[in-house]
Amino acid sequence: MQPHLISVEACHVDSQKARVLTRKVLWKLDIHVLPALALLWLANFTDRSNIGNAKIAGLDKDTHLHGNQFNTALAIFYLPYILIELPSNWVMKKMRPNRWLPFLVAVWGMVTTLSGLVNNFAGLVAIRFFLGLCEGGLLPGIVLYLSTLYKPHELQQRVGIFFVSASLSGAFGGLLASAIVRMDGIGGLSGWRWIFILEGIVTVLFGFIAWMMLPANLGSAKFLTKKEREFAGTLIWRFRQSTAVTADVPLSEPAQRITPQPIPVDPEKEVEEDKTGSVKNLADATTTITTTTDGAVSVHIEEEKFEWREIVRGLVDIQVWLTAIAYMGIIVPLYSFSLFLPTIVAGLGYHGSEAQLHTAPPYVPAAVLTIVVAILSDKLKWRGPFMLILLPIALIGYIIAVCAKTNLQRYVAVHLMATGLYPCGPCILSILPNNTAGHYKRATTIALQLAISNCGGFVATFAYTPDQAPAYKRGHSIALAFVSLAWVFVALNVAYCLYENKARAEGRRNSNIDKYQELWDSGKTRAPIGDRSPAFKFTL
């Protein structure tokens, strides 16, 4: 039998059967990928915020901290955290996300465990530095990884599911800390030391579980049956179909002459399995730059090679800067909320394990609303508009907190803060994966957005200082200002997307094809046209 070329048509199957198999495979993908990622993010947020629980359990006294030294130790965390985000996303494709992400988690779990051994300010600063170095690559890596497995408007539901574990980690961390501090004196160690030691060990375990559960891609997912693995080719076709306008561009004759041709593949070996149960030839068949019958070139995610030109495209994208500043406006209150909620609750009159327990309830409505908003956001294909609705809830919470006269009013305000802030996380994290295309540009935009926005961590750690207790009016006012900033920049990004979509619909971006054609013909790029395509539509 003569070999043939793999094509989109070769992957097409009966539409009814395809829908059934797609649902089955995506369900299996969800139940294997999302719980593993949720565990990683739960560990991330718990390990990052457990220092707040440790503080009210006696960390500051045992390490002889004074003045703003506790805040300084918190701030040090963000320096390596920010610097590592971009390079981590650049190397993840080569290292494979199902190995890179669990590795990061396991290493920072070890570092967290060592946090239980510090005795002074210098030791605490050193531990927080290395913790930030290990944790920085996780969130941009998770978002990038999910964007390679799901279509654009399936993404926020998945981001929301793992992100809600951040809300739960606030409740879980408080409940867990209230139990662990009862170990005070066991082994000659203080209760706050056991918080770090035990939670660090659990984090290493979570990393190992994720290592076993996460697939590198659809074609190598071991949890699929033979029939489903054979269908993985159709799922790859389905994913490519959803991004076709970003991968294809009509080629001129000179460009066609320098386009590599597809590798012939024997159809009888098309879905041959190796000893691990993974599809072999499918991966080989999709590692070429293919030319379709209409003379268009297709450069897909797994085929794209690293180019500095794509990195620069990511660095100068206006949506990166608009959404990054908006996310900074969310991160300042979000991080300060998780870091200082135990202290705020203690300032309301609760102490010890009672204070730890009262940090849990504010996260419950936040977790529920995060999932609801994520589902509606994908259904309506909205991101920014939901944030414009949610952020005013947080604004009301901070206004109440600033004006509050009683502890009950302050505690109600804390619930409104969490409810308005947490659902915005998945919304803003889903904007750039939806609105940028080309693997390395997307990897850059996701990481840069987080690197810029995480600078807000420096502000967050100094927003709530001990001298403000118990009202923390200055801290609440700072958070109020940043939430307002976030609302303004989200509105600007929504306006930009509306303007750009209108321009593309009217044909005012058709010249992008000619500009890209020149780059391709001159050999300056082999990256896909990506979001430069006039047919590419931005998600609001």
# chains A, B, ... in the order shown; residues from 1 in each chain; ligands from 1
>>> residues_around(residues="stretch 345-352 of chain A", least_positions_apart="6", cutoff="9 Å", atoms="only C-alpha atoms", output="PyMOL selection string")
chain A and resi 56-57+178+181+358-359+406-408+410-411+469-471
>>> write_last_selection(atoms="N, CA and C atoms", output="mmCIF file, in the first residue's frame")
data_model
loop_
_atom_site.group_PDB
_atom_site.id
_atom_site.type_symbol
_atom_site.label_atom_id
_atom_site.label_comp_id
_atom_site.auth_asym_id
_atom_site.auth_seq_id
_atom_site.Cartn_x
_atom_site.Cartn_y
_atom_site.Cartn_z
ATOM 1 N N ILE A 56 0.653 34.027 64.020
ATOM 2 C CA ILE A 56 -0.202 34.155 65.196
ATOM 3 C C ILE A 56 -0.015 32.976 66.149
ATOM 4 N N ALA A 57 0.751 31.951 65.672
ATOM 5 C CA ALA A 57 1.067 30.816 66.546
ATOM 6 C C ALA A 57 2.418 30.985 67.232
ATOM 7 N N SER A 178 -5.079 25.226 62.842
ATOM 8 C CA SER A 178 -5.664 25.169 64.186
ATOM 9 C C SER A 178 -5.471 23.806 64.823
ATOM 10 N N VAL A 181 -1.259 23.332 65.471
ATOM 11 C CA VAL A 181 -0.657 24.071 66.587
ATOM 12 C C VAL A 181 -0.868 23.362 67.921
ATOM 13 N N HIS A 358 -11.827 30.988 62.489
ATOM 14 C CA HIS A 358 -12.627 32.078 61.917
ATOM 15 C C HIS A 358 -12.050 32.633 60.617
ATOM 16 N N THR A 359 -10.883 32.134 60.197
ATOM 17 C CA THR A 359 -10.359 32.549 58.887
ATOM 18 C C THR A 359 -10.991 31.730 57.761
ATOM 19 N N THR A 406 -17.590 48.291 64.401
ATOM 20 C CA THR A 406 -17.657 47.089 65.244
ATOM 21 C C THR A 406 -16.929 45.932 64.566
ATOM 22 N N ASN A 407 -16.593 44.917 65.351
ATOM 23 C CA ASN A 407 -15.936 43.732 64.828
ATOM 24 C C ASN A 407 -16.834 42.960 63.865
ATOM 25 N N LEU A 408 -18.136 42.937 64.119
ATOM 26 C CA LEU A 408 -19.067 42.247 63.235
ATOM 27 C C LEU A 408 -19.063 42.884 61.854
ATOM 28 N N ARG A 410 -16.632 44.504 60.468
ATOM 29 C CA ARG A 410 -15.354 44.178 59.828
ATOM 30 C C ARG A 410 -15.355 42.747 59.287
ATOM 31 N N TYR A 411 -15.976 41.843 60.029
ATOM 32 C CA TYR A 411 -16.001 40.444 59.605
ATOM 33 C C TYR A 411 -16.903 40.261 58.378
ATOM 34 N N ALA A 469 -3.268 47.784 63.758
ATOM 35 C CA ALA A 469 -4.250 46.920 64.424
ATOM 36 C C ALA A 469 -5.096 47.720 65.423
ATOM 37 N N PRO A 470 -6.389 47.371 65.608
ATOM 38 C CA PRO A 470 -7.095 46.279 64.943
ATOM 39 C C PRO A 470 -7.891 46.726 63.703
ATOM 40 N N ALA A 471 -7.964 48.018 63.428
ATOM 41 C CA ALA A 471 -8.826 48.510 62.343
ATOM 42 C C ALA A 471 -8.182 48.365 60.969
#
>>> residues_around(residues="A:Met387", least_positions_apart="3", cutoff="12 Å", atoms="only C-alpha atoms", output="VMD selection string")
chain A and resid 323 326 to 327 329 to 330 370 373 to 374 377 382 to 384 390 to 394 419 to 431 483 to 484 486 to 491 493 to 494 540
>>> select_by_dssp(residues="stretch 303-402 of chain A", states="alpha helix (DSSP H)", output="MDAnalysis selection string")
chainID A and resid 308:315 318:347 352:357 363:380 384:402
>>> atom_distance(atom1="atom CA of A:Leu498", atom2="atom CA of A:Val316")
19.4 Å
>>> closest_residue(among="A:Ile529, A:Ala443, A:Ala179, A:Leu205", to="A:Gly137", atoms="only C-alpha atoms")
A:Ala443
>>> closest_residue(among="A:Ile318, A:Ala413, A:Leu376, A:Ser522", to="A:Cys497", atoms="only C-alpha atoms")
A:Ile318
>>> atom_distance(atom1="atom CA of A:Val202", atom2="atom CA of A:Ile76")
24.0 Å
>>> closest_residue(among="A:Ser453, A:Thr46, A:Gln157, A:Asn53", to="A:Pro140", atoms="only C-alpha atoms")
A:Ser453
